[in-house]
file run.cif (mmCIF, C-alpha atoms and all ligand atoms)
data_protein
loop_
_atom_site.group_PDB
_atom_site.id
_atom_site.type_symbol
_atom_site.label_atom_id
_atom_site.label_comp_id
_atom_site.auth_asym_id
_atom_site.auth_seq_id
_atom_site.Cartn_x
_atom_site.Cartn_y
_atom_site.Cartn_z
ATOM 1 C CA MET A 46 -15.153 5.822 -17.058
ATOM 2 C CA THR A 47 -12.124 8.053 -17.458
ATOM 3 C CA THR A 48 -9.086 6.976 -15.500
ATOM 4 C CA SER A 49 -6.297 9.353 -16.480
ATOM 5 C CA ALA A 50 -6.660 11.648 -13.431
ATOM 6 C CA ALA A 51 -6.302 8.728 -11.069
ATOM 7 C CA ALA A 52 -3.129 6.812 -10.262
ATOM 8 C CA VAL A 53 -5.222 3.711 -9.611
ATOM 9 C CA SER A 54 -8.904 2.981 -10.023
ATOM 10 C CA ALA A 55 -11.301 0.076 -9.909
ATOM 11 C CA ALA A 56 -14.883 -0.458 -11.004
ATOM 12 C CA GLY A 57 -17.387 -3.107 -9.985
ATOM 13 C CA LEU A 58 -14.783 -5.011 -7.997
ATOM 14 C CA ASN A 59 -15.954 -8.275 -6.454
ATOM 15 C CA LYS A 60 -13.877 -10.868 -4.690
ATOM 16 C CA VAL A 61 -15.404 -14.101 -3.468
ATOM 17 C CA PHE A 62 -13.501 -16.750 -1.532
ATOM 18 C CA GLY A 63 -14.710 -20.337 -1.194
ATOM 19 C CA SER A 64 -18.085 -21.727 -2.206
ATOM 20 C CA GLY A 65 -21.288 -23.118 -0.713
ATOM 21 C CA ASP A 66 -21.437 -22.652 3.074
ATOM 22 C CA ALA A 67 -17.831 -21.438 3.100
ATOM 23 C CA ARG A 68 -18.484 -18.680 0.545
ATOM 24 C CA ILE A 69 -17.219 -15.270 1.670
ATOM 25 C CA THR A 70 -17.746 -12.051 -0.261
ATOM 26 C CA ALA A 71 -14.610 -10.117 0.664
ATOM 27 C CA LEU A 72 -15.288 -7.268 -1.817
ATOM 28 C CA ASP A 73 -18.821 -6.364 -2.810
ATOM 29 C CA ASP A 74 -19.097 -4.234 -5.962
ATOM 30 C CA VAL A 75 -16.451 -1.684 -5.034
ATOM 31 C CA ASP A 76 -15.798 1.402 -7.168
ATOM 32 C CA VAL A 77 -12.780 3.378 -6.038
ATOM 33 C CA SER A 78 -10.116 5.679 -7.340
ATOM 34 C CA PHE A 79 -6.877 6.928 -5.832
ATOM 35 C CA GLY A 80 -5.850 10.376 -7.038
ATOM 36 C CA ARG A 81 -2.313 11.131 -8.145
ATOM 37 C CA GLU A 82 -0.059 12.710 -5.522
ATOM 38 C CA GLN A 83 -2.545 11.812 -2.821
ATOM 39 C CA PHE A 84 -2.016 9.862 0.391
ATOM 40 C CA THR A 85 -5.006 7.603 1.056
ATOM 41 C CA ALA A 86 -5.496 5.409 4.117
ATOM 42 C CA ILE A 87 -7.822 2.405 4.071
ATOM 43 C CA MET A 88 -9.428 1.500 7.383
ATOM 44 C CA GLY A 89 -12.181 -0.779 8.586
ATOM 45 C CA PRO A 90 -12.916 -3.502 11.119
ATOM 46 C CA SER A 91 -11.011 -6.775 10.986
ATOM 47 C CA GLY A 92 -12.211 -8.864 8.038
ATOM 48 C CA SER A 93 -13.816 -5.887 6.252
ATOM 49 C CA GLY A 94 -11.735 -6.465 3.102
ATOM 50 C CA LYS A 95 -8.876 -3.962 3.407
ATOM 51 C CA SER A 96 -6.063 -6.340 2.430
ATOM 52 C CA THR A 97 -8.183 -7.945 -0.276
ATOM 53 C CA LEU A 98 -8.878 -4.528 -1.801
ATOM 54 C CA MET A 99 -5.213 -3.593 -1.719
ATOM 55 C CA HIS A 100 -4.148 -6.929 -3.212
ATOM 56 C CA CYS A 101 -6.688 -6.641 -6.044
ATOM 57 C CA VAL A 102 -5.859 -3.053 -6.993
ATOM 58 C CA ALA A 103 -2.114 -3.764 -6.775
ATOM 59 C CA GLY A 104 -2.317 -6.740 -9.136
ATOM 60 C CA LEU A 105 -1.241 -9.178 -6.417
ATOM 61 C CA ASP A 106 -4.544 -11.032 -6.569
ATOM 62 C CA ALA A 107 -7.205 -11.273 -9.284
ATOM 63 C CA PRO A 108 -10.738 -10.058 -8.506
ATOM 64 C CA THR A 109 -13.612 -12.470 -9.128
ATOM 65 C CA SER A 110 -15.068 -9.750 -11.368
ATOM 66 C CA GLY A 111 -14.563 -6.077 -12.082
ATOM 67 C CA GLN A 112 -11.818 -3.962 -13.573
ATOM 68 C CA VAL A 113 -8.660 -2.346 -12.221
ATOM 69 C CA TRP A 114 -6.501 0.314 -13.865
ATOM 70 C CA ILE A 115 -3.038 1.434 -12.865
ATOM 71 C CA GLY A 116 -2.693 4.690 -14.765
ATOM 72 C CA ASP A 117 -4.223 3.870 -18.128
ATOM 73 C CA THR A 118 -3.288 0.194 -18.010
ATOM 74 C CA GLU A 119 -6.145 -2.161 -17.347
ATOM 75 C CA LEU A 120 -4.951 -5.154 -15.335
ATOM 76 C CA THR A 121 -7.643 -7.594 -16.405
ATOM 77 C CA GLY A 122 -6.371 -9.372 -19.453
ATOM 78 C CA LEU A 123 -2.672 -8.919 -18.726
ATOM 79 C CA THR A 124 -0.663 -12.138 -18.769
ATOM 80 C CA ASP A 125 1.165 -13.201 -15.590
ATOM 81 C CA ALA A 126 4.443 -12.039 -17.129
ATOM 82 C CA GLN A 127 2.979 -8.609 -17.988
ATOM 83 C CA LEU A 128 1.552 -8.294 -14.480
ATOM 84 C CA THR A 129 4.897 -9.180 -12.915
ATOM 85 C CA GLU A 130 6.592 -6.548 -15.057
ATOM 86 C CA LEU A 131 3.980 -3.929 -14.207
ATOM 87 C CA ARG A 132 4.323 -4.599 -10.454
ATOM 88 C CA ARG A 133 8.106 -4.457 -10.703
ATOM 89 C CA ASP A 134 8.313 -1.262 -12.744
ATOM 90 C CA ARG A 135 5.247 0.759 -11.762
ATOM 91 C CA VAL A 136 4.214 -0.250 -8.260
ATOM 92 C CA GLY A 137 6.083 0.050 -4.950
ATOM 93 C CA PHE A 138 5.250 -2.224 -2.018
ATOM 94 C CA VAL A 139 5.871 -1.875 1.690
ATOM 95 C CA PHE A 140 4.681 -4.622 4.024
ATOM 96 C CA GLN A 141 4.526 -4.966 7.781
ATOM 97 C CA ALA A 142 7.281 -7.598 7.628
ATOM 98 C CA PHE A 143 9.835 -5.484 5.669
ATOM 99 C CA ASN A 144 10.543 -8.400 3.240
ATOM 100 C CA LEU A 145 14.183 -7.481 2.608
ATOM 101 C CA LEU A 146 16.609 -10.013 1.157
ATOM 102 C CA PRO A 147 18.849 -10.986 4.093
ATOM 103 C CA THR A 148 22.006 -11.660 2.074
ATOM 104 C CA LEU A 149 21.963 -8.257 0.355
ATOM 105 C CA THR A 150 23.181 -4.988 1.854
ATOM 106 C CA ALA A 151 20.777 -2.093 2.341
ATOM 107 C CA ARG A 152 22.124 -0.504 -0.856
ATOM 108 C CA GLU A 153 21.636 -3.723 -2.844
ATOM 109 C CA ASN A 154 18.109 -4.137 -1.479
ATOM 110 C CA VAL A 155 17.212 -0.581 -2.478
ATOM 111 C CA LEU A 156 18.581 -1.025 -6.003
ATOM 112 C CA LEU A 157 17.095 -4.501 -6.503
ATOM 113 C CA PRO A 158 13.987 -3.434 -8.497
ATOM 114 C CA LEU A 159 16.235 -1.556 -10.952
ATOM 115 C CA ASP A 160 18.645 -4.499 -11.207
ATOM 116 C CA LEU A 161 15.755 -6.864 -11.927
ATOM 117 C CA ALA A 162 14.466 -4.509 -14.615
ATOM 118 C CA GLY A 163 17.944 -4.058 -16.116
ATOM 119 C CA ARG A 164 17.671 -0.318 -15.526
ATOM 120 C CA ARG A 165 20.609 1.892 -14.569
ATOM 121 C CA PRO A 166 20.082 3.825 -11.363
ATOM 122 C CA ASP A 167 19.721 7.593 -11.643
ATOM 123 C CA GLN A 168 22.266 8.419 -8.951
ATOM 124 C CA GLN A 169 20.692 11.762 -8.107
ATOM 125 C CA HIS A 170 17.289 10.166 -7.559
ATOM 126 C CA VAL A 171 18.810 7.355 -5.474
ATOM 127 C CA ASP A 172 20.700 9.925 -3.353
ATOM 128 C CA THR A 173 17.517 11.948 -2.807
ATOM 129 C CA ILE A 174 15.655 8.899 -1.558
ATOM 130 C CA VAL A 175 18.501 7.536 0.557
ATOM 131 C CA ASP A 176 18.991 10.921 2.211
ATOM 132 C CA ALA A 177 15.268 11.455 2.707
ATOM 133 C CA VAL A 178 14.994 8.206 4.678
ATOM 134 C CA GLY A 179 18.286 8.886 6.493
ATOM 135 C CA LEU A 180 20.041 5.732 5.342
ATOM 136 C CA ARG A 181 23.313 7.065 3.997
ATOM 137 C CA ASP A 182 25.474 5.731 6.830
ATOM 138 C CA ARG A 183 23.740 2.333 6.839
ATOM 139 C CA LEU A 184 23.973 1.451 3.153
ATOM 140 C CA GLU A 185 26.589 -1.281 3.556
ATOM 141 C CA HIS A 186 24.756 -3.008 6.449
ATOM 142 C CA ARG A 187 22.719 -6.160 5.985
ATOM 143 C CA PRO A 188 19.125 -6.295 7.284
ATOM 144 C CA SER A 189 20.151 -8.305 10.383
ATOM 145 C CA GLN A 190 22.441 -5.412 11.365
ATOM 146 C CA LEU A 191 19.599 -2.867 11.187
ATOM 147 C CA SER A 192 16.770 -2.012 13.595
ATOM 148 C CA GLY A 193 13.156 -2.626 12.549
ATOM 149 C CA GLY A 194 12.660 1.064 11.794
ATOM 150 C CA GLN A 195 15.832 1.156 9.677
ATOM 151 C CA GLN A 196 14.766 -1.984 7.799
ATOM 152 C CA GLN A 197 11.412 -0.410 7.023
ATOM 153 C CA ARG A 198 13.186 2.695 5.742
ATOM 154 C CA VAL A 199 15.207 0.451 3.389
ATOM 155 C CA ALA A 200 11.934 -1.137 2.246
ATOM 156 C CA LEU A 201 10.479 2.326 1.611
ATOM 157 C CA ALA A 202 13.524 3.444 -0.358
ATOM 158 C CA ARG A 203 13.272 0.219 -2.402
ATOM 159 C CA ALA A 204 9.584 0.929 -3.059
ATOM 160 C CA LEU A 205 10.436 4.431 -4.324
ATOM 161 C CA VAL A 206 13.534 3.763 -6.377
ATOM 162 C CA THR A 207 11.624 3.110 -9.609
ATOM 163 C CA SER A 208 9.489 6.285 -9.155
ATOM 164 C CA PRO A 209 6.397 4.075 -9.276
ATOM 165 C CA ASP A 210 2.872 5.188 -10.226
ATOM 166 C CA VAL A 211 1.784 4.225 -6.710
ATOM 167 C CA VAL A 212 3.199 2.918 -3.430
ATOM 168 C CA PHE A 213 1.025 0.410 -1.562
ATOM 169 C CA ALA A 214 1.787 0.107 2.139
ATOM 170 C CA ASP A 215 0.096 -2.718 4.067
ATOM 171 C CA GLU A 216 0.278 -1.993 7.816
ATOM 172 C CA PRO A 217 3.750 -0.443 7.340
ATOM 173 C CA THR A 218 4.041 0.517 11.017
ATOM 174 C CA GLY A 219 2.465 -2.643 12.441
ATOM 175 C CA ALA A 220 5.780 -4.088 13.633
ATOM 176 C CA LEU A 221 7.392 -0.841 14.776
ATOM 177 C CA ASP A 222 7.688 1.099 18.046
ATOM 178 C CA SER A 223 5.964 4.474 18.222
ATOM 179 C CA LYS A 224 9.049 6.562 17.376
ATOM 180 C CA SER A 225 9.940 4.450 14.311
ATOM 181 C CA SER A 226 6.272 4.450 13.271
ATOM 182 C CA ALA A 227 6.139 8.236 13.433
ATOM 183 C CA ASP A 228 9.307 8.455 11.291
ATOM 184 C CA ILE A 229 7.892 6.129 8.633
ATOM 185 C CA LEU A 230 4.567 7.997 8.503
ATOM 186 C CA GLU A 231 6.379 11.313 8.287
ATOM 187 C CA PHE A 232 8.397 9.950 5.406
ATOM 188 C CA LEU A 233 5.334 8.612 3.575
ATOM 189 C CA ARG A 234 3.829 12.089 3.924
ATOM 190 C CA ARG A 235 6.974 13.683 2.464
ATOM 191 C CA CYS A 236 6.980 11.193 -0.418
ATOM 192 C CA VAL A 237 3.667 12.670 -1.460
ATOM 193 C CA ASP A 238 4.388 16.337 -0.699
ATOM 194 C CA GLU A 239 7.987 16.547 -1.883
ATOM 195 C CA LEU A 240 8.480 13.669 -4.324
ATOM 196 C CA GLY A 241 4.984 13.790 -5.865
ATOM 197 C CA GLN A 242 4.317 10.134 -5.095
ATOM 198 C CA THR A 243 0.919 8.496 -4.658
ATOM 199 C CA VAL A 244 0.530 6.413 -1.495
ATOM 200 C CA VAL A 245 -2.225 3.976 -0.495
ATOM 201 C CA MET A 246 -1.878 2.564 3.015
ATOM 202 C CA VAL A 247 -3.886 -0.037 4.929
ATOM 203 C CA THR A 248 -3.777 0.606 8.661
ATOM 204 C CA HIS A 249 -5.581 -0.181 11.914
ATOM 205 C CA GLU A 250 -4.239 2.910 13.647
ATOM 206 C CA PRO A 251 -6.182 6.210 13.625
ATOM 207 C CA THR A 252 -2.961 8.134 14.362
ATOM 208 C CA ALA A 253 -1.390 6.603 11.246
ATOM 209 C CA ALA A 254 -4.464 7.335 9.112
ATOM 210 C CA ALA A 255 -4.358 10.966 10.281
ATOM 211 C CA HIS A 256 -1.214 11.460 8.159
ATOM 212 C CA ALA A 257 -3.252 10.781 5.015
ATOM 213 C CA ASP A 258 -5.193 13.259 2.837
ATOM 214 C CA ARG A 259 -8.167 10.952 2.706
ATOM 215 C CA VAL A 260 -9.383 7.945 4.674
ATOM 216 C CA LEU A 261 -11.653 5.312 3.133
ATOM 217 C CA PHE A 262 -13.685 3.147 5.500
ATOM 218 C CA LEU A 263 -14.588 -0.397 4.541
ATOM 219 C CA SER A 264 -17.237 -2.565 6.154
ATOM 220 C CA ASP A 265 -18.327 -5.993 4.924
ATOM 221 C CA GLY A 266 -16.487 -5.559 1.652
ATOM 222 C CA LYS A 267 -18.018 -2.176 0.786
ATOM 223 C CA ILE A 268 -16.716 1.382 1.016
ATOM 224 C CA VAL A 269 -19.135 2.916 3.483
ATOM 225 C CA ASP A 270 -17.559 6.255 4.325
ATOM 226 C CA GLU A 271 -14.655 8.586 3.640
ATOM 227 C CA LEU A 272 -12.983 11.466 5.389
ATOM 228 C CA TYR A 273 -10.807 14.221 3.925
ATOM 229 C CA GLY A 274 -8.141 15.982 6.007
ATOM 230 C CA PRO A 275 -8.643 13.488 8.822
ATOM 231 C CA SER A 276 -7.738 13.950 12.485
ATOM 232 C CA ALA A 277 -6.952 10.914 14.651
ATOM 233 C CA ASP A 278 -10.048 11.645 16.782
ATOM 234 C CA GLY A 279 -12.281 11.961 13.728
ATOM 235 C CA VAL A 280 -11.002 8.632 12.386
ATOM 236 C CA LEU A 281 -11.458 6.970 15.777
ATOM 237 C CA ASP A 282 -15.072 8.170 15.967
ATOM 238 C CA ARG A 283 -15.917 6.723 12.549
ATOM 239 C CA MET A 284 -14.201 3.444 13.419
ATOM 240 C CA LYS A 285 -16.163 3.201 16.670
ATOM 241 C CA SER A 286 -19.451 3.672 14.878
ATOM 242 C CA LEU A 287 -18.494 1.070 12.243
ATOM 243 C CA GLU A 288 -17.466 -1.452 14.878
ATOM 244 C CA LYS A 289 -20.678 -0.831 16.830
ATOM 245 C CA GLY A 290 -22.655 -1.340 13.632
ATOM 246 C CA ALA A 291 -20.865 -4.632 13.046
ATOM 247 C CA VAL A 292 -21.826 -6.065 16.468
HETATM 248 N N1 LIG A 301 -7.418 -16.544 0.943
HETATM 249 C C1 LIG A 301 -8.595 -16.458 1.564
HETATM 250 N N2 LIG A 301 -9.435 -17.500 1.612
HETATM 251 C C2 LIG A 301 -10.645 -17.417 2.212
HETATM 252 N N3 LIG A 301 -11.111 -16.294 2.798
HETATM 253 C C3 LIG A 301 -10.309 -15.215 2.776
HETATM 254 C C4 LIG A 301 -9.022 -15.232 2.173
HETATM 255 N N4 LIG A 301 -8.452 -13.998 2.312
HETATM 256 C C5 LIG A 301 -9.353 -13.257 2.985
HETATM 257 N N5 LIG A 301 -10.463 -13.977 3.264
HETATM 258 C C6 LIG A 301 -11.667 -13.495 3.945
HETATM 259 O O1 LIG A 301 -12.107 -12.316 3.293
HETATM 260 C C7 LIG A 301 -12.550 -11.343 4.232
HETATM 261 C C8 LIG A 301 -11.742 -10.070 4.096
HETATM 262 O O2 LIG A 301 -10.402 -10.353 4.479
HETATM 263 P P1 LIG A 301 -9.259 -9.242 4.502
HETATM 264 O O3 LIG A 301 -7.989 -9.931 4.906
HETATM 265 O O4 LIG A 301 -9.268 -8.507 3.220
HETATM 266 O O5 LIG A 301 -9.772 -8.281 5.655
HETATM 267 P P2 LIG A 301 -8.996 -7.119 6.405
HETATM 268 O O6 LIG A 301 -9.953 -5.984 6.524
HETATM 269 O O7 LIG A 301 -7.688 -6.850 5.730
HETATM 270 O O8 LIG A 301 -8.765 -7.799 7.829
HETATM 271 P P3 LIG A 301 -7.651 -7.549 8.959
HETATM 272 O O9 LIG A 301 -7.848 -6.153 9.444
HETATM 273 O O10 LIG A 301 -8.026 -8.550 10.023
HETATM 274 O O11 LIG A 301 -6.327 -7.799 8.328
HETATM 275 C C9 LIG A 301 -12.436 -12.005 5.602
HETATM 276 O O12 LIG A 301 -13.668 -12.565 5.948
HETATM 277 C C10 LIG A 301 -11.397 -13.093 5.377
HETATM 278 O O13 LIG A 301 -11.590 -14.162 6.281
#

call {"tool": "encode", "arguments": {"input": "run.cif", "output": "structure tokens", "more": "lines below"}}
Ligand SMILES: Nc1ncnc2c1ncn2[C@@H]1O[C@H](COP(=O)(O)OP(=O)(O)OP(=O)(O)O)[C@@H](O)[C@H]1O
result
Amino acid sequence: MTTSAAAVSAAGLNKVFGSGDARITALDDVDVSFGREQFTAIMGPSGSGKSTLMHCVAGLDAPTSGQVWIGDTELTGLTDAQLTELRRDRVGFVFQAFNLLPTLTARENVLLPLDLAGRRPDQQHVDTIVDAVGLRDRLEHRPSQLSGGQQQRVALARALVTSPDVVFADEPTGALDSKSSADILEFLRRCVDELGQTVVMVTHEPTAAAHADRVLFLSDGKIVDELYGPSADGVLDRMKSLEKGAV
């Protein structure tokens, strides 16, 4: 399998939790690839394996079997230290719960991945990101002094500061009001179109998925459908049929 055209890919991915009666197959022989400079949304009913898939392809959790590549680097076989380094330098994360460090200012939070890597910030790149998310006048504030939407914009800027191979966003708008959600989705879109980033987002919301180039639908740990150039209505229809099928 050639992987160079994809930012991230996986082959034969299985993830099993528990054993005996409690055994759950969260991922069932999944093959997937996420193209560079593409915005992909992952959807599916509750418990279909969305978070498990994201965690396995992001190197946050190890699959039971199968292979994952980020760029040309195969994750299986990396030591914990190599995986930590790869996540820090080549992957950006945005979670529903922002996960900012409360004692650091917005600026310090954004620059943290570079500090940890001992890399000097490229001021022009940092300025581009800070301006794109509209944070310039909030850089000296601490997270507690920022709204939820502003905190998520700091988290996004932090995810982008290393120019990662891929940004994984797990329900990034789940804790936000509709205006802040729209801003974050708009920004994720611009990351792809203007900064050439690759974004993979798990979401429950068809309106959020409609910002993506491609939507993957999971059911019972398998990819069962996909949609290119999605509309919110088109996504909703597919979700309805999946949820009906699951009843
Ligand atoms: N650590 C774990 N231990 C045991 N079972 C787990 C664990 N994590 C996930 N599962 C199970 O694996 C399956 C897939 O879970 P996952 O969280 O990936 O689904 P999801 O599609 O992200 O769900 P949701 O939309 O509700 O967040 C579910 O049946 C879940 O209960």

call {"tool": "closest_residue", "arguments": {"input": "run.cif", "among": "A:Arg133, A:Lys95, A:Arg81, A:Arg283", "to": "ligand LIG 301 (chain A)", "atoms": "only C-alpha atoms and all ligand atoms"}}
result
A:Lys95

call {"tool": "residues_near_ligand", "arguments": {"input": "run.cif", "ligand": "ligand LIG 301 (chain A)", "cutoff": "8 Å", "atoms": "only C-alpha atoms and all ligand atoms", "output": "list in words"}}
result
Val61, Phe62, Gly63, Ile69, Thr70, Ala71, Leu72, Met88, Gly89, Pro90, Ser91, Gly92, Ser93, Gly94, Lys95, Ser96, Thr97, Leu98, Val247, Thr248, His249, Leu263, Asp265 and Gly266 of chain A

call {"tool": "resolve_selection", "arguments": {"input": "run.cif", "expression": "the PyMOL selection byres (((chain A and resi 51) around 10) and not hetatm)", "output": "NGL selection string"}}
result
:A and (47-50 or 52-54 or 77-83 or 114-117 or 210 or 243)

call {"tool": "atom_distance", "arguments": {"input": "run.cif", "atom1": "CA of Leu205 in chain A", "atom2": "CA of Asp167 in chain A"}}
result
12.2 Å

call {"tool": "closest_residue", "arguments": {"input": "run.cif", "among": "A:Ser276, A:Asp270, A:Leu201, A:Leu261", "to": "Glu231 in chain A", "atoms": "only C-alpha atoms"}}
result
A:Leu201

call {"tool": "residues_around", "arguments": {"input": "run.cif", "residues": "range 184-197 of chain A", "least_positions_apart": "4", "cutoff": "12 Å", "atoms": "only C-alpha atoms", "output": "count of residues only"}}
result
49

call {"tool": "atom_distance", "arguments": {"input": "run.cif", "atom1": "CA of Val75 in chain A", "atom2": "CA of Val113 in chain A"}}
result
10.6 Å

call {"tool": "closest_residue", "arguments": {"input": "run.cif", "among": "A:His100, A:Ala86, A:Arg181, A:Glu130", "to": "Glu271 in chain A", "atoms": "all atoms listed in the file"}}
result
A:Ala86

call {"tool": "resolve_selection", "arguments": {"input": "run.cif", "expression": "the PyMOL selection byres (((chain A and resi 259) around 9) and not hetatm)", "output": "list in words"}}
result
Gln83, Phe84, Thr85, Ala86, Ile87, Ala254, Ala255, His256, Ala257, Asp258, Val260, Leu261, Glu271, Leu272, Tyr273, Gly274 and Pro275 of chain A

call {"tool": "closest_residue", "arguments": {"input": "run.cif", "among": "A:Thr252, A:Ser64, A:Thr207, A:Asn59", "to": "Asp106 in chain A", "atoms": "all atoms listed in the file"}}
result
A:Asn59

call {"tool": "atom_distance", "arguments": {"input": "run.cif", "atom1": "CA of Gly137 in chain A", "atom2": "CA of Arg198 in chain A"}}
result
13.1 Å

call {"tool": "residues_near_point", "arguments": {"input": "run.cif", "point": "(-14.8, 0.2, -5.1)", "cutoff": "7 Å", "atoms": "all atoms listed in the file", "output": "VMD selection string"}}
result
chain A and resid 55 to 58 74 to 77 268

call {"tool": "closest_residue", "arguments": {"input": "run.cif", "among": "A:Gly65, A:Arg165, A:Pro251, A:Phe262", "to": "Gly279 in chain A", "atoms": "all atoms listed in the file"}}
result
A:Pro251

call {"tool": "decode", "arguments": {"input": "run.cif", "residues": "range 105-123 of chain A", "atoms": "N, CA and C atoms", "output": "PDB file, in the first residue's frame"}}
result
ATOM      1  N   LEU A 105      -2.866   8.054  19.885  1.00  0.00           N
ATOM      2  CA  LEU A 105      -3.222   8.224  21.301  1.00  0.00           C
ATOM      3  C   LEU A 105      -3.544   6.882  21.946  1.00  0.00           C
ATOM      4  N   ASP A 106      -3.933   5.919  21.115  1.00  0.00           N
ATOM      5  CA  ASP A 106      -4.258   4.591  21.620  1.00  0.00           C
ATOM      6  C   ASP A 106      -3.723   3.585  20.600  1.00  0.00           C
ATOM      7  N   ALA A 107      -3.357   2.402  21.065  1.00  0.00           N
ATOM      8  CA  ALA A 107      -2.804   1.392  20.151  1.00  0.00           C
ATOM      9  C   ALA A 107      -3.923   0.485  19.659  1.00  0.00           C
ATOM     10  N   PRO A 108      -4.000   0.217  18.344  1.00  0.00           N
ATOM     11  CA  PRO A 108      -4.995  -0.743  17.869  1.00  0.00           C
ATOM     12  C   PRO A 108      -4.641  -2.149  18.358  1.00  0.00           C
ATOM     13  N   THR A 109      -5.649  -3.020  18.389  1.00  0.00           N
ATOM     14  CA  THR A 109      -5.393  -4.423  18.740  1.00  0.00           C
ATOM     15  C   THR A 109      -4.580  -5.069  17.613  1.00  0.00           C
ATOM     16  N   SER A 110      -4.920  -4.722  16.366  1.00  0.00           N
ATOM     17  CA  SER A 110      -4.102  -5.129  15.222  1.00  0.00           C
ATOM     18  C   SER A 110      -4.307  -4.139  14.092  1.00  0.00           C
ATOM     19  N   GLY A 111      -3.419  -4.203  13.119  1.00  0.00           N
ATOM     20  CA  GLY A 111      -3.503  -3.279  11.986  1.00  0.00           C
ATOM     21  C   GLY A 111      -2.378  -2.266  12.028  1.00  0.00           C
ATOM     22  N   GLN A 112      -2.302  -1.475  10.965  1.00  0.00           N
ATOM     23  CA  GLN A 112      -1.200  -0.524  10.829  1.00  0.00           C
ATOM     24  C   GLN A 112      -1.722   0.892  10.619  1.00  0.00           C
ATOM     25  N   VAL A 113      -0.963   1.855  11.123  1.00  0.00           N
ATOM     26  CA  VAL A 113      -1.305   3.268  10.949  1.00  0.00           C
ATOM     27  C   VAL A 113      -0.053   4.007  10.482  1.00  0.00           C
ATOM     28  N   TRP A 114      -0.231   4.885   9.497  1.00  0.00           N
ATOM     29  CA  TRP A 114       0.869   5.734   9.042  1.00  0.00           C
ATOM     30  C   TRP A 114       0.478   7.202   9.200  1.00  0.00           C
ATOM     31  N   ILE A 115       1.395   7.986   9.722  1.00  0.00           N
ATOM     32  CA  ILE A 115       1.242   9.442   9.639  1.00  0.00           C
ATOM     33  C   ILE A 115       2.338   9.881   8.689  1.00  0.00           C
ATOM     34  N   GLY A 116       1.926  10.409   7.508  1.00  0.00           N
ATOM     35  CA  GLY A 116       2.894  10.586   6.431  1.00  0.00           C
ATOM     36  C   GLY A 116       3.473   9.218   6.115  1.00  0.00           C
ATOM     37  N   ASP A 117       4.796   9.135   6.068  1.00  0.00           N
ATOM     38  CA  ASP A 117       5.428   7.854   5.767  1.00  0.00           C
ATOM     39  C   ASP A 117       5.875   7.111   7.028  1.00  0.00           C
ATOM     40  N   THR A 118       5.509   7.639   8.181  1.00  0.00           N
ATOM     41  CA  THR A 118       5.944   7.008   9.430  1.00  0.00           C
ATOM     42  C   THR A 118       4.896   6.016   9.905  1.00  0.00           C
ATOM     43  N   GLU A 119       5.311   4.775  10.051  1.00  0.00           N
ATOM     44  CA  GLU A 119       4.372   3.783  10.561  1.00  0.00           C
ATOM     45  C   GLU A 119       4.411   3.805  12.087  1.00  0.00           C
ATOM     46  N   LEU A 120       3.232   3.904  12.708  1.00  0.00           N
ATOM     47  CA  LEU A 120       3.206   4.073  14.165  1.00  0.00           C
ATOM     48  C   LEU A 120       3.492   2.779  14.918  1.00  0.00           C
ATOM     49  N   THR A 121       3.026   1.656  14.348  1.00  0.00           N
ATOM     50  CA  THR A 121       3.293   0.386  15.027  1.00  0.00           C
ATOM     51  C   THR A 121       4.803   0.219  15.121  1.00  0.00           C
ATOM     52  N   GLY A 122       5.270  -0.138  16.278  1.00  0.00           N
ATOM     53  CA  GLY A 122       6.711  -0.348  16.388  1.00  0.00           C
ATOM     54  C   GLY A 122       7.445   0.859  16.934  1.00  0.00           C
ATOM     55  N   LEU A 123       6.792   2.031  16.978  1.00  0.00           N
ATOM     56  CA  LEU A 123       7.473   3.166  17.606  1.00  0.00           C
ATOM     57  C   LEU A 123       7.466   2.970  19.124  1.00  0.00           C
TER      58      LEU A 123
END
